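A.B. asks: Got a structure for you, target-v8.pdb, holding PDB, C-alpha atoms.
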ATOM      1  CA  MET J   1       4.759 146.825  66.946
ATOM      2  CA  ARG J   2       1.451 146.290  65.174
ATOM      3  CA  PHE J   3      -2.283 146.139  65.921
ATOM      4  CA  TYR J   4      -4.222 142.886  66.039
ATOM      5  CA  ASP J   5      -7.762 141.816  66.922
ATOM      6  CA  HIS J   6      -7.883 139.985  70.264
ATOM      7  CA  LYS J   7     -10.861 137.636  69.821
ATOM      8  CA  GLU J   8     -11.290 136.678  73.499
ATOM      9  CA  VAL J   9     -11.868 140.245  74.682
ATOM     10  CA  SER J  10     -13.236 141.597  71.346
ATOM     11  CA  GLN J  11     -10.698 144.354  71.350
ATOM     12  CA  THR J  12      -7.963 145.718  69.081
ATOM     13  CA  ARG J  13      -4.641 145.405  70.888
ATOM     14  CA  VAL J  14      -0.979 146.118  70.257
ATOM     15  CA  GLU J  15       1.591 143.335  69.981
ATOM     16  CA  TYR J  16       5.388 143.637  69.868
ATOM     17  CA  LEU J  17       8.141 141.707  68.129
ATOM     18  CA  SER J  18      10.582 140.060  70.532
ATOM     19  CA  TYR J  19      14.072 138.950  69.596
ATOM     20  CA  ARG J  20      16.537 136.199  70.540
ATOM     21  CA  LYS J  21      20.117 135.491  69.455
ATOM     22  CA  LYS J  22      19.809 131.692  69.255
ATOM     23  CA  ALA J  23      16.950 129.218  69.131
ATOM     24  CA  LYS J  24      17.615 128.088  72.715
ATOM     25  CA  ASP J  25      17.745 131.632  74.163
ATOM     26  CA  ASN J  26      14.911 133.491  75.844
ATOM     27  CA  TYR J  27      13.223 136.278  73.901
ATOM     28  CA  PHE J  28      13.995 139.882  74.814
ATOM     29  CA  LEU J  29      13.884 143.432  73.428
ATOM     30  CA  PRO J  30      17.056 145.204  72.250
ATOM     31  CA  ILE J  31      18.230 147.930  74.623
ATOM     32  CA  GLU J  32      21.736 149.150  73.840
ATOM     33  CA  PRO J  33      24.026 151.985  74.955
ATOM     34  CA  LEU J  34      24.462 155.053  72.777
ATOM     35  CA  LEU J  35      27.951 155.050  71.236
ATOM     36  CA  PRO J  36      30.286 158.080  71.158
ATOM     37  CA  ASN J  37      29.355 160.680  68.502
ATOM     38  CA  GLU J  38      26.150 158.774  67.701
ATOM     39  CA  ASN J  39      22.703 160.362  67.541
ATOM     40  CA  GLU J  40      19.536 158.462  68.350
ATOM     41  CA  ASN J  41      18.520 157.861  64.710
ATOM     42  CA  ASP J  42      21.939 156.388  63.879
ATOM     43  CA  ALA J  43      21.797 154.275  67.038
ATOM     44  CA  ILE J  44      18.390 152.866  66.079
ATOM     45  CA  ALA J  45      19.675 152.027  62.577
ATOM     46  CA  ARG J  46      22.765 150.299  64.037
ATOM     47  CA  ILE J  47      20.809 148.305  66.622
ATOM     48  CA  PHE J  48      18.158 147.344  64.051
ATOM     49  CA  LEU J  49      20.931 146.074  61.749
ATOM     50  CA  GLU J  50      22.831 144.200  64.465
ATOM     51  CA  LYS J  51      19.989 142.758  66.552
ATOM     52  CA  ILE J  52      17.104 142.314  64.124
ATOM     53  CA  LEU J  53      18.511 141.903  60.614
ATOM     54  CA  ALA J  54      21.865 140.239  61.316
ATOM     55  CA  PRO J  55      22.008 136.733  59.792
ATOM     56  CA  ALA J  56      22.493 133.992  62.345
ATOM     57  CA  ASN J  57      26.198 133.503  62.339
ATOM     58  CA  ARG J  58      29.031 134.596  64.549
ATOM     59  CA  GLN J  59      29.967 137.754  62.673
ATOM     60  CA  GLY J  60      26.585 138.676  61.232
ATOM     61  CA  LEU J  61      27.759 137.886  57.678
ATOM     62  CA  ASP J  62      25.883 135.678  55.244
ATOM     63  CA  ALA J  63      27.466 132.419  54.068
ATOM     64  CA  THR J  64      28.088 133.971  50.625
ATOM     65  CA  CYS J  65      30.209 136.704  52.206
ATOM     66  CA  THR J  66      33.909 136.325  52.885
ATOM     67  CA  SER J  67      35.550 137.323  56.142
ATOM     68  CA  ARG J  68      38.895 138.102  54.559
ATOM     69  CA  GLU J  69      40.837 141.268  55.195
ATOM     70  CA  THR J  70      40.551 144.236  52.821
ATOM     71  CA  PRO J  71      41.195 142.783  49.293
ATOM     72  CA  SER J  72      44.190 145.043  48.545
ATOM     73  CA  LYS J  73      45.823 148.289  49.591
ATOM     74  CA  PHE J  74      44.421 150.059  46.560
ATOM     75  CA  TYR J  75      41.034 150.231  44.849
ATOM     76  CA  ASN J  76      41.022 148.594  41.410
ATOM     77  CA  ASP J  77      44.840 148.701  41.245
ATOM     78  CA  ASP J  78      44.609 152.504  41.137
ATOM     79  CA  LYS J  79      47.447 153.573  43.436
ATOM     80  CA  LYS J  80      45.866 156.981  43.876
ATOM     81  CA  ILE J  81      42.883 155.458  45.700
ATOM     82  CA  ARG J  82      44.008 153.770  48.907
ATOM     83  CA  ARG J  83      41.629 151.481  50.773
ATOM     84  CA  PHE J  84      41.206 151.870  54.506
ATOM     85  CA  TYR J  85      42.585 148.691  56.051
ATOM     86  CA  VAL J  86      39.885 146.373  57.418
ATOM     87  CA  PRO J  87      41.078 143.332  59.410
ATOM     88  CA  LYS J  88      38.827 140.321  58.924
ATOM     89  CA  ILE J  89      37.571 140.436  62.514
ATOM     90  CA  LYS J  90      36.294 143.978  61.824
ATOM     91  CA  LYS J  91      34.638 143.157  58.491
ATOM     92  CA  SER J  92      31.119 142.860  59.889
ATOM     93  CA  TRP J  93      29.096 145.990  60.648
ATOM     94  CA  ASN J  94      28.087 144.202  63.857
ATOM     95  CA  VAL J  95      31.623 144.585  65.189
ATOM     96  CA  PRO J  96      32.397 148.105  66.524
ATOM     97  CA  PHE J  97      35.212 149.850  64.619
ATOM     98  CA  GLU J  98      35.350 153.419  65.918
ATOM     99  CA  ASP J  99      38.500 154.286  63.948
ATOM    100  CA  TYR J 100      36.999 153.195  60.624
ATOM    101  CA  LYS J 101      37.368 155.996  58.048
ATOM    102  CA  PRO J 102      36.875 154.562  54.539
ATOM    103  CA  THR J 103      38.173 156.409  51.492
ATOM    104  CA  LYS J 104      35.298 158.124  49.677
ATOM    105  CA  TYR J 105      35.494 157.498  45.952
ATOM    106  CA  THR J 106      33.303 157.393  42.843
ATOM    107  CA  LYS J 107      34.922 157.168  39.412
ATOM    108  CA  PRO J 108      34.735 160.530  37.591
ATOM    109  CA  ASN J 109      33.152 158.992  34.477
ATOM    110  CA  ILE J 110      30.353 157.554  36.635
ATOM    111  CA  LEU J 111      29.657 160.975  38.102
ATOM    112  CA  LYS J 112      29.483 162.507  34.618
ATOM    113  CA  LYS J 113      26.976 159.981  33.257
ATOM    114  CA  LYS J 114      23.359 161.119  33.003
ATOM    115  CA  THR J 115      21.926 157.915  31.509
ATOM    116  CA  PHE J 116      18.909 155.805  32.467
ATOM    117  CA  ASP J 117      21.121 153.003  33.805
ATOM    118  CA  THR J 118      23.263 155.204  36.086
ATOM    119  CA  ASP J 119      22.148 156.479  39.480
ATOM    120  CA  PRO J 120      22.421 160.145  40.462
ATOM    121  CA  ASP J 121      25.124 161.217  42.889
ATOM    122  CA  VAL J 122      24.250 161.636  46.565
ATOM    123  CA  THR J 123      24.453 165.418  46.077
ATOM    124  CA  ASP J 124      21.771 165.325  43.353
ATOM    125  CA  GLU J 125      18.157 166.031  44.347
ATOM    126  CA  LYS J 126      17.060 162.967  42.359
ATOM    127  CA  PHE J 127      19.044 160.763  44.739
ATOM    128  CA  LYS J 128      16.192 161.145  47.234
ATOM    129  CA  GLU J 129      13.858 159.365  44.794
ATOM    130  CA  ILE J 130      15.808 156.085  45.035
ATOM    131  CA  LYS J 131      13.796 153.375  46.804
ATOM    132  CA  PHE J 132      16.260 150.979  48.414
ATOM    133  CA  ASN J 133      15.262 147.391  49.272
ATOM    134  CA  SER J 134      12.575 147.469  46.575
ATOM    135  CA  ASP J 135      12.048 146.836  42.880
ATOM    136  CA  LEU J 136       9.864 149.878  42.370
ATOM    137  CA  LEU J 137      10.405 152.247  39.446
ATOM    138  CA  GLY J 138      11.588 149.329  37.292
ATOM    139  CA  ILE J 139      14.971 148.923  39.014
ATOM    140  CA  ASP J 140      15.696 145.915  41.207
ATOM    141  CA  ARG J 141      17.324 147.209  44.394
ATOM    142  CA  THR J 142      16.605 144.096  46.470
ATOM    143  CA  THR J 143      19.314 141.762  47.713
ATOM    144  CA  ASP J 144      19.649 137.987  47.871
ATOM    145  CA  VAL J 145      22.076 138.133  50.779
ATOM    146  CA  GLY J 146      21.029 136.942  54.225
ATOM    147  CA  ARG J 147      17.424 137.738  54.987
ATOM    148  CA  GLY J 148      16.955 139.707  51.797
ATOM    149  CA  ILE J 149      17.302 143.210  53.235
ATOM    150  CA  TYR J 150      20.214 145.565  53.810
ATOM    151  CA  ALA J 151      20.510 148.517  56.162
ATOM    152  CA  VAL J 152      20.266 152.105  54.940
ATOM    153  CA  VAL J 153      22.196 154.473  57.220
ATOM    154  CA  ASN J 154      22.408 158.214  56.644
ATOM    155  CA  ALA J 155      20.463 157.670  53.389
ATOM    156  CA  LEU J 156      23.163 155.295  52.049
ATOM    157  CA  PRO J 157      22.819 151.513  51.647
ATOM    158  CA  LEU J 158      25.286 149.396  53.626
ATOM    159  CA  ASN J 159      27.031 146.452  51.979
ATOM    160  CA  PRO J 160      25.482 143.346  53.637
ATOM    161  CA  CYS J 161      28.879 141.655  53.463
ATOM    162  CA  GLY J 162      30.555 144.257  55.591
ATOM    163  CA  ARG J 163      33.188 146.951  55.398
ATOM    164  CA  GLN J 164      35.210 147.248  52.181
ATOM    165  CA  GLY J 165      37.593 150.106  52.993
ATOM    166  CA  VAL J 166      36.060 152.342  50.302
ATOM    167  CA  ALA J 167      32.783 154.271  50.560
ATOM    168  CA  MET J 168      30.429 155.722  47.920
ATOM    169  CA  ARG J 169      29.927 153.955  44.528
ATOM    170  CA  GLY J 170      33.468 153.322  43.379
ATOM    171  CA  ALA J 171      33.181 152.013  39.798
ATOM    172  CA  TRP J 172      29.546 150.878  40.047
ATOM    173  CA  LYS J 173      26.674 152.639  38.286
ATOM    174  CA  ARG J 174      24.135 151.977  41.013
ATOM    175  CA  TRP J 175      23.983 152.494  44.743
ATOM    176  CA  GLY J 176      23.372 149.268  46.632
ATOM    177  CA  PRO J 177      23.170 146.004  44.671
ATOM    178  CA  ASN J 178      24.247 146.006  41.020
ATOM    179  CA  HIS J 179      22.523 142.949  39.533
ATOM    180  CA  TYR J 180      24.246 140.947  36.796
ATOM    181  CA  ILE J 181      23.334 137.900  34.701
ATOM    182  CA  GLY J 182      25.885 135.350  33.520
ATOM    183  CA  PHE J 183      25.488 132.062  31.678
ATOM    184  CA  ALA J 184      27.393 129.410  29.801
ATOM    185  CA  LEU J 185      26.310 127.076  26.995
ATOM    186  CA  THR J 186      27.459 123.571  27.879
ATOM    187  CA  LYS J 187      27.439 120.007  26.586
ATOM    188  CA  PHE J 188      28.809 116.616  27.561
ATOM    189  CA  TYR J 189      31.803 115.023  25.862
ATOM    190  CA  ASP J 190      33.937 111.924  26.378
ATOM    191  CA  HIS J 191      37.327 112.807  27.852
ATOM    192  CA  LYS J 192      39.549 110.027  26.473
ATOM    193  CA  GLU J 193      42.523 110.603  28.762
ATOM    194  CA  VAL J 194      40.548 110.093  31.967
ATOM    195  CA  SER J 195      37.861 107.798  30.462
ATOM    196  CA  GLN J 196      35.119 109.989  31.784
ATOM    197  CA  THR J 197      32.170 111.982  30.470
ATOM    198  CA  ARG J 198      32.897 115.619  31.215
ATOM    199  CA  VAL J 199      31.145 118.941  30.765
ATOM    200  CA  GLU J 200      32.572 121.545  28.411
ATOM    201  CA  TYR J 201      31.490 125.132  27.878
ATOM    202  CA  LEU J 202      31.344 127.383  24.850
ATOM    203  CA  SER J 203      33.554 130.452  25.208
ATOM    204  CA  TYR J 204      32.889 133.610  23.254
ATOM    205  CA  ARG J 205      34.851 136.504  21.768
ATOM    206  CA  LYS J 206      33.781 139.717  20.065
ATOM    207  CA  LYS J 207      36.491 139.748  17.390
ATOM    208  CA  ALA J 208      38.912 137.213  15.999
ATOM    209  CA  LYS J 209      41.852 138.862  17.754
ATOM    210  CA  ASP J 210      40.120 139.025  21.156
ATOM    211  CA  ASN J 211      40.495 136.546  23.997
ATOM    212  CA  TYR J 212      37.614 134.168  24.670
ATOM    213  CA  PHE J 213      35.324 134.831  27.625
ATOM    214  CA  LEU J 214      31.779 134.234  28.892
ATOM    215  CA  PRO J 215      28.929 136.771  28.675
ATOM    216  CA  ILE J 216      28.176 138.464  32.010
ATOM    217  CA  GLU J 217      26.061 141.583  31.666
ATOM    218  CA  PRO J 218      24.120 143.962  33.948
ATOM    219  CA  LEU J 219      20.374 143.593  34.344
ATOM    220  CA  LEU J 220      18.660 146.532  32.620
ATOM    221  CA  PRO J 221      15.741 148.545  34.100
ATOM    222  CA  ASN J 222      12.349 146.797  33.747
ATOM    223  CA  GLU J 223      14.089 143.579  32.688
ATOM    224  CA  ASN J 224      13.592 140.187  34.334
ATOM    225  CA  GLU J 225      16.199 137.433  34.228
ATOM    226  CA  ASN J 226      14.598 135.493  31.370
ATOM    227  CA  ASP J 227      14.426 138.609  29.199
ATOM    228  CA  ALA J 228      18.018 139.456  30.079
ATOM    229  CA  ILE J 229      19.223 136.007  29.032
ATOM    230  CA  ALA J 230      17.337 136.304  25.721
ATOM    231  CA  ARG J 231      18.888 139.736  25.086
ATOM    232  CA  ILE J 232      22.425 138.634  25.961
ATOM    233  CA  PHE J 233      22.060 135.410  23.961
ATOM    234  CA  LEU J 234      20.928 137.479  20.976
ATOM    235  CA  GLU J 235      23.652 140.126  21.198
ATOM    236  CA  LYS J 236      26.647 138.186  22.488
ATOM    237  CA  ILE J 237      26.164 134.671  21.119
ATOM    238  CA  LEU J 238      24.148 135.065  17.912
ATOM    239  CA  GLY J 239      25.529 138.533  17.141
ATOM    240  CA  LEU J 240      22.184 139.863  15.888
ATOM    241  CA  PRO J 241      20.738 143.395  16.274
ATOM    242  CA  ASN J 242      18.554 143.926  19.318
ATOM    243  CA  ASN J 243      15.023 144.387  17.989
ATOM    244  CA  GLN J 244      11.636 142.916  18.797
ATOM    245  CA  ALA J 245      11.682 140.310  16.007
ATOM    246  CA  ASN J 246      15.153 139.059  16.920
ATOM    247  CA  ILE J 247      14.339 138.952  20.641
ATOM    248  CA  LYS J 248      11.356 136.740  19.802
ATOM    249  CA  LYS J 249      13.643 134.510  17.744
ATOM    250  CA  SER J 250      16.146 134.344  20.616
ATOM    251  CA  LYS J 251      13.443 133.254  23.064
ATOM    252  CA  GLN J 252      12.266 130.575  20.634
ATOM    253  CA  HIS J 253      15.775 129.128  20.443
ATOM    254  CA  LEU J 254      16.158 129.163  24.236
ATOM    255  CA  ALA J 255      12.784 127.410  24.662
ATOM    256  CA  PHE J 256      14.352 124.236  23.249
ATOM    257  CA  LEU J 257      17.321 124.357  25.635
ATOM    258  CA  THR J 258      17.477 123.423  29.322
ATOM    259  CA  LYS J 259      18.171 126.444  31.501
ATOM    260  CA  THR J 260      19.225 125.934  35.128
ATOM    261  CA  ARG J 261      20.185 128.582  37.655
ATOM    262  CA  VAL J 262      23.227 127.372  39.566
ATOM    263  CA  TYR J 263      23.857 130.409  41.784
ATOM    264  CA  LYS J 264      22.171 133.637  42.838
ATOM    265  CA  GLY J 265      23.719 136.010  45.351
ATOM    266  CA  TYR J 266      26.612 138.241  46.333
ATOM    267  CA  TYR J 267      29.868 138.253  44.389
ATOM    268  CA  ASP J 268      32.964 139.363  46.280
ATOM    269  CA  HIS J 269      34.196 141.669  43.516
ATOM    270  CA  GLU J 270      37.343 143.749  43.967
ATOM    271  CA  LEU J 271      35.319 146.852  43.027
ATOM    272  CA  ASN J 272      32.734 146.466  45.805
ATOM    273  CA  THR J 273      32.436 149.331  48.276
ATOM    274  CA  ASP J 274      30.559 150.006  51.501
ATOM    275  CA  ASN J 275      27.640 151.429  49.524
ATOM    276  CA  ALA J 276      27.670 149.593  46.164
ATOM    277  CA  TRP J 277      28.300 145.950  45.329
ATOM    278  CA  MET J 278      27.773 143.207  42.740
ATOM    279  CA  GLU J 279      25.161 140.447  42.907
ATOM    280  CA  ILE J 280      24.871 137.860  40.173
ATOM    281  CA  SER J 281      22.600 135.105  38.852
ATOM    282  CA  CYS J 282      24.514 132.307  37.100
ATOM    283  CA  TYR J 283      22.826 129.951  34.628
ATOM    284  CA  ASN J 284      23.804 126.772  32.854
ATOM    285  CA  ILE J 285      22.191 126.370  29.412
ATOM    286  CA  GLU J 286      22.465 122.963  27.760
ATOM    287  CA  GLY J 287      20.781 120.955  25.016
ATOM    288  CA  ASP J 288      21.348 118.841  21.917
ATOM    289  CA  LEU J 289      20.316 121.726  19.652
ATOM    290  CA  ILE J 290      23.256 123.979  20.557
ATOM    291  CA  LYS J 291      25.581 122.586  17.878
ATOM    292  CA  GLY J 292      22.915 122.943  15.191
ATOM    293  CA  LEU J 293      22.173 126.475  16.329
ATOM    294  CA  LEU J 294      25.819 127.473  16.048
ATOM    295  CA  SER J 295      26.015 125.909  12.596
ATOM    296  CA  THR J 296      22.880 127.736  11.408
ATOM    297  CA  TYR J 297      24.359 131.111  12.325
ATOM    298  CA  HIS J 298      27.858 130.163  11.133
ATOM    299  CA  LEU J 299      29.315 130.686  14.592
ATOM    300  CA  PRO J 300      32.715 129.276  15.607
ATOM    301  CA  GLU J 301      32.736 126.493  18.158
ATOM    302  CA  ASN J 302      35.318 126.962  20.846
ATOM    303  CA  TRP J 303      34.554 124.384  23.518
ATOM    304  CA  LYS J 304      36.622 124.212  26.689
ATOM    305  CA  ASP J 305      36.692 121.617  29.447
ATOM    306  CA  SER J 306      34.924 122.849  32.585
ATOM    307  CA  PHE J 307      38.161 122.256  34.513
ATOM    308  CA  ASP J 308      39.986 124.623  32.155
ATOM    309  CA  VAL J 309      39.299 128.069  33.603
ATOM    310  CA  GLU J 310      42.774 129.509  34.152
ATOM    311  CA  ASN J 311      42.437 132.113  31.390
ATOM    312  CA  LEU J 312      39.068 133.389  32.627
ATOM    313  CA  GLU J 313      38.508 136.353  34.937
ATOM    314  CA  PRO J 314      37.611 135.396  38.547
ATOM    315  CA  VAL J 315      33.877 136.088  38.170
ATOM    316  CA  ARG J 316      33.725 133.878  35.065
ATOM    317  CA  GLN J 317      35.762 131.190  36.803
ATOM    318  CA  MET J 318      33.112 131.225  39.523
ATOM    319  CA  LEU J 319      30.347 130.759  36.930
ATOM    320  CA  ILE J 320      31.987 127.656  35.455
ATOM    321  CA  ASP J 321      32.888 126.384  38.915
ATOM    322  CA  PHE J 322      29.230 126.431  39.978
ATOM    323  CA  ILE J 323      28.208 124.651  36.775
ATOM    324  CA  ARG J 324      30.910 122.011  37.193
ATOM    325  CA  ARG J 325      30.002 121.455  40.833
ATOM    326  CA  SER J 326      26.392 120.864  39.809
ATOM    327  CA  TYR J 327      27.653 117.716  38.001
ATOM    328  CA  TYR J 328      30.704 116.632  39.997
ATOM    329  CA  PRO J 329      31.486 114.586  42.034
ATOM    330  CA  LYS J 330      28.261 113.205  40.555
ATOM    331  CA  LYS J 331      30.299 112.139  37.473
ATOM    332  CA  PRO J 332      27.679 111.420  34.775
ATOM    333  CA  SER J 333      27.944 108.087  33.031
ATOM    334  CA  LYS J 334      29.562 107.784  29.603
ATOM    335  CA  GLY J 335      26.256 106.762  28.111
ATOM    336  CA  ARG J 336      24.685 110.131  28.803
TER     337      ARG J 336
END
What is this structure when it is put down as structure tokens?
C.D. replies:
Amino acid sequence: MRFYDHKEVSQTRVEYLSYRKKAKDNYFLPIEPLLPNENENDAIARIFLEKILAPANRQGLDATCTSRETPSKFYNDDKKIRRFYVPKIKKSWNVPFEDYKPTKYTKPNILKKKTFDTDPDVTDEKFKEIKFNSDLLGIDRTTDVGRGIYAVVNALPLNPCGRQGVAMRGAWKRWGPNHYIGFALTKFYDHKEVSQTRVEYLSYRKKAKDNYFLPIEPLLPNENENDAIARIFLEKILGLPNNQANIKKSKQHLAFLTKTRVYKGYYDHELNTDNAWMEISCYNIEGDLIKGLLSTYHLPENWKDSFDVENLEPVRQMLIDFIRRSYYPKKPSKGR
């Protein structure tokens, strides 16, 4: 409820927010039964999540969420950490699952870390200072899933894409959303075998003996997406030390390239838990100056067709897939 000024009677009145499931339904107020072993505060949080915040689809999951069963029996292929089985019809928090008892797990090395980019454990007094669903204190804890807000129950954030079979942080540094930035440098080329202009991407490797991959890095505190791209471009592509002068140089180079965000939202990572998950912004960076830039810094050119993603990890395959889909089936002309 909230107060408002009623002009006709010159009086401050109270108005209430009414709710409806579908556009054609009548409005009403949520009144629900108390579930077994549920106190009133937990009931209010559950009803608020299910009836007010739930995105408008059948299971209360956003379109970027999957409704698959639990990804695997074990967490991160660690056979000591067994996931609680979640059938796909029970994935959504909107669906009652009284027998649900997720495995509680946070990697020991995460618990030991006392760094600026790692959250305190739930047992730490500083945990109470975390402001979920906000970007206060220089850390973005907002979500791009659904209506842009996730439930916080018993002081813990709930994964907006449903039950994962594992609770706590798992392998993630932060509670709630862990924001990442990924991008690829791309250009057009003429594919002779199919007589078509295709898009190819520049893959990267740290050392000569390493496999090629694409830079995907976490967003740092007090860092916006443009600054993150400049930092990652500097460190991972140009291979220069991260200092103020080089960051300025990196931004100058990027100013002459076209930067397009092709995706922003939830990523269904195998490490996601009930209380910590990955969200990512994917960018395509293109421009005629890329080849000259690589030559200036004596960087190797390893271009791959955008259909060639078999050797990439799933999250990097997704990045290239979104870039490719932004062009195809558009199929740019050979003259471009």
A.B. asks: Could you list, as a PDB file with C-alpha atoms, in the frame of the given file, every residue matched by the PyMOL selection byres ((chain J and resi 168) around 8) in this structure?
C.D. replies:
ATOM      1  CA  LYS J 104      35.298 158.124  49.677  1.00  0.00           C
ATOM      2  CA  TYR J 105      35.494 157.498  45.952  1.00  0.00           C
ATOM      3  CA  THR J 106      33.303 157.393  42.843  1.00  0.00           C
ATOM      4  CA  VAL J 166      36.060 152.342  50.302  1.00  0.00           C
ATOM      5  CA  ALA J 167      32.783 154.271  50.560  1.00  0.00           C
ATOM      6  CA  ARG J 169      29.927 153.955  44.528  1.00  0.00           C
ATOM      7  CA  GLY J 170      33.468 153.322  43.379  1.00  0.00           C
ATOM      8  CA  TRP J 175      23.983 152.494  44.743  1.00  0.00           C
ATOM      9  CA  THR J 273      32.436 149.331  48.276  1.00  0.00           C
ATOM     10  CA  ASP J 274      30.559 150.006  51.501  1.00  0.00           C
ATOM     11  CA  ASN J 275      27.640 151.429  49.524  1.00  0.00           C
ATOM     12  CA  ALA J 276      27.670 149.593  46.164  1.00  0.00           C
TER      13      ALA J 276
END
A.B. asks: I need every residue sitting at most 10 Å from the point (24.5, 142.7, 36.5) (coordinates as in the file, all atoms listed in the file considered), written as a PyMOL selection string.
C.D. replies: chain J and resi 177-182+216-220+228+278-281
A.B. asks: The selected residues should be written to file as a PDB file, in the coordinates of the input (atoms: C-alpha atoms).
C.D. replies:
ATOM      1  CA  PRO J 177      23.170 146.004  44.671  1.00  0.00           C
ATOM      2  CA  ASN J 178      24.247 146.006  41.020  1.00  0.00           C
ATOM      3  CA  HIS J 179      22.523 142.949  39.533  1.00  0.00           C
ATOM      4  CA  TYR J 180      24.246 140.947  36.796  1.00  0.00           C
ATOM      5  CA  ILE J 181      23.334 137.900  34.701  1.00  0.00           C
ATOM      6  CA  GLY J 182      25.885 135.350  33.520  1.00  0.00           C
ATOM      7  CA  ILE J 216      28.176 138.464  32.010  1.00  0.00           C
ATOM      8  CA  GLU J 217      26.061 141.583  31.666  1.00  0.00           C
ATOM      9  CA  PRO J 218      24.120 143.962  33.948  1.00  0.00           C
ATOM     10  CA  LEU J 219      20.374 143.593  34.344  1.00  0.00           C
ATOM     11  CA  LEU J 220      18.660 146.532  32.620  1.00  0.00           C
ATOM     12  CA  ALA J 228      18.018 139.456  30.079  1.00  0.00           C
ATOM     13  CA  MET J 278      27.773 143.207  42.740  1.00  0.00           C
ATOM     14  CA  GLU J 279      25.161 140.447  42.907  1.00  0.00           C
ATOM     15  CA  ILE J 280      24.871 137.860  40.173  1.00  0.00           C
ATOM     16  CA  SER J 281      22.600 135.105  38.852  1.00  0.00           C
TER      17      SER J 281
END
A.B. asks: Expand the PyMOL selection byres ((chain J and resi 263) around 10) into the explicit residue set it covers here, and present it as a list of chain:residue names.
C.D. replies: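 Here the PyMOL selection byres ((chain J and resi 263) around 10) matches J:Gly182, J:Thr260, J:Arg261, J:Val262, J:Lys264, J:Gly265, J:Tyr266, J:Ile280, J:Ser281, J:Cys282, J:Tyr283, J:Asn284, J:Met318, J:Leu319, J:Phe322, J:Ile323.
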A.B. asks: Need to verify the contact set: Pro300 of chain J, 10 Å, all atoms listed in the file, exclusion of same-chain residues closer than 6 positions in sequence. Can you return it as a list in words?
C.D. replies: Leu202, Ser203, Tyr204, Arg205 and Leu294 of chain J
A.B. asks: For a quick check of your reading of the model, name the residues lying within 12 Å of the coordinate (24.8, 159.4, 37.2), counting all atoms listed in the file, and write them as number ranges by chain.
C.D. replies: J: 106-127, 169, 171-175
A.B. asks: Pick out the closest residue to Gly239 of chain J from this set: J:His269, J:Lys291, J:His253, J:His298. Count all atoms listed in the file.
C.D. replies: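 Selected residue with least distance to Gly239 of chain J: J:His298.
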A.B. asks: Report, as JSON, the axis-aligned box around all atoms of segment 208-224 of chain J present in the file, extended by 4 Å on each side; give centre and edge lengths in Å to one decimal place.
C.D. replies:
{"center_x": 27.1, "center_y": 141.4, "center_z": 25.2, "size_x": 37.5, "size_y": 22.4, "size_z": 26.3}
A.B. asks: Would you write out, as JSON, numbers by chain, every residue that the PyMOL selection byres ((chain J and resi 98) around 12) captures in this file?
C.D. replies: {"J": [35, 36, 37, 38, 86, 90, 93, 94, 95, 96, 97, 99, 100, 101, 102]}
A.B. asks: Restricted to C-alpha atoms, what would the selected residues look like written as a compact mmCIF listing (two decimals), in the frame of the given file?
C.D. replies:
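Produced file again_24.txt, reproduced below:
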# COMPACT_ATOMS: atom_id res chain seq x y z
CA LEU J 35 27.95 155.05 71.24
CA PRO J 36 30.29 158.08 71.16
CA ASN J 37 29.36 160.68 68.50
CA GLU J 38 26.15 158.77 67.70
CA VAL J 86 39.88 146.37 57.42
CA LYS J 90 36.29 143.98 61.82
CA TRP J 93 29.10 145.99 60.65
CA ASN J 94 28.09 144.20 63.86
CA VAL J 95 31.62 144.58 65.19
CA PRO J 96 32.40 148.10 66.52
CA PHE J 97 35.21 149.85 64.62
CA ASP J 99 38.50 154.29 63.95
CA TYR J 100 37.00 153.20 60.62
CA LYS J 101 37.37 156.00 58.05
CA PRO J 102 36.88 154.56 54.54
A.B. asks: Calculated over all atoms listed in the file, which of the candidates J:Cys65, J:Val153, J:Ala255, J:Leu29 has the smallest distance to Ser92 of chain J?
C.D. replies: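 That would be J:Cys65, the residue with the smallest distance to Ser92 of chain J.
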A.B. asks: Name the closest residue to Leu299 of chain J among the candidates J:Gly176, J:Val315, J:Arg324, J:Leu240; distances are taken between atoms, counting all atoms listed in the file.
C.D. replies: J:Leu240
A.B. asks: To one decimal place, how far is atom CA of Glu15 of chain J from atom CA of Pro33 of chain J in Å?
C.D. replies: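 Pair atom CA of Glu15 of chain J / atom CA of Pro33 of chain J returns 24.6 Å.
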A.B. asks: Between atom CA of Asn133 of chain J and atom CA of Ile89 of chain J, what is the spacing in Å?
C.D. replies: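 Atom CA of Asn133 of chain J lies 26.9 Å from atom CA of Ile89 of chain J.
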A.B. asks: Atom CA of Leu156 of chain J to atom CA of Lys88 of chain J: how many Å, to one decimal?
C.D. replies: 22.7 Å
A.B. asks: Taking only C-alpha atoms into account, which of J:Thr12, J:Ser250, J:Thr197, J:Asn76 comes nearest Asp227 of chain J?
C.D. replies: J:Ser250
A.B. asks: May I ask which of the residues J:Val145, J:Leu136, J:Leu271, J:Ile247 is the closest one to Phe233 of chain J, counting all atoms listed in the file?
C.D. replies: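 Going through J:Val145, J:Leu136, J:Leu271, J:Ile247 one by one, the smallest distance to Phe233 of chain J is for J:Ile247.
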A.B. asks: Given the choices J:Gln11, J:Asn246, J:Ser326, J:Asn311, which gets closest to Asn211 of chain J if the distance is worked out from all atoms listed in the file?
C.D. replies: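 Of the candidates, the smallest distance to Asn211 of chain J is held by J:Asn311.
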A.B. asks: Name all residues at most 9 Å from Leu312 of chain J (count only C-alpha atoms; drop same-chain ones fewer than 3 positions away) and give them as a PyMOL selection string.
C.D. replies: chain J and resi 212-214+308-309+315-317
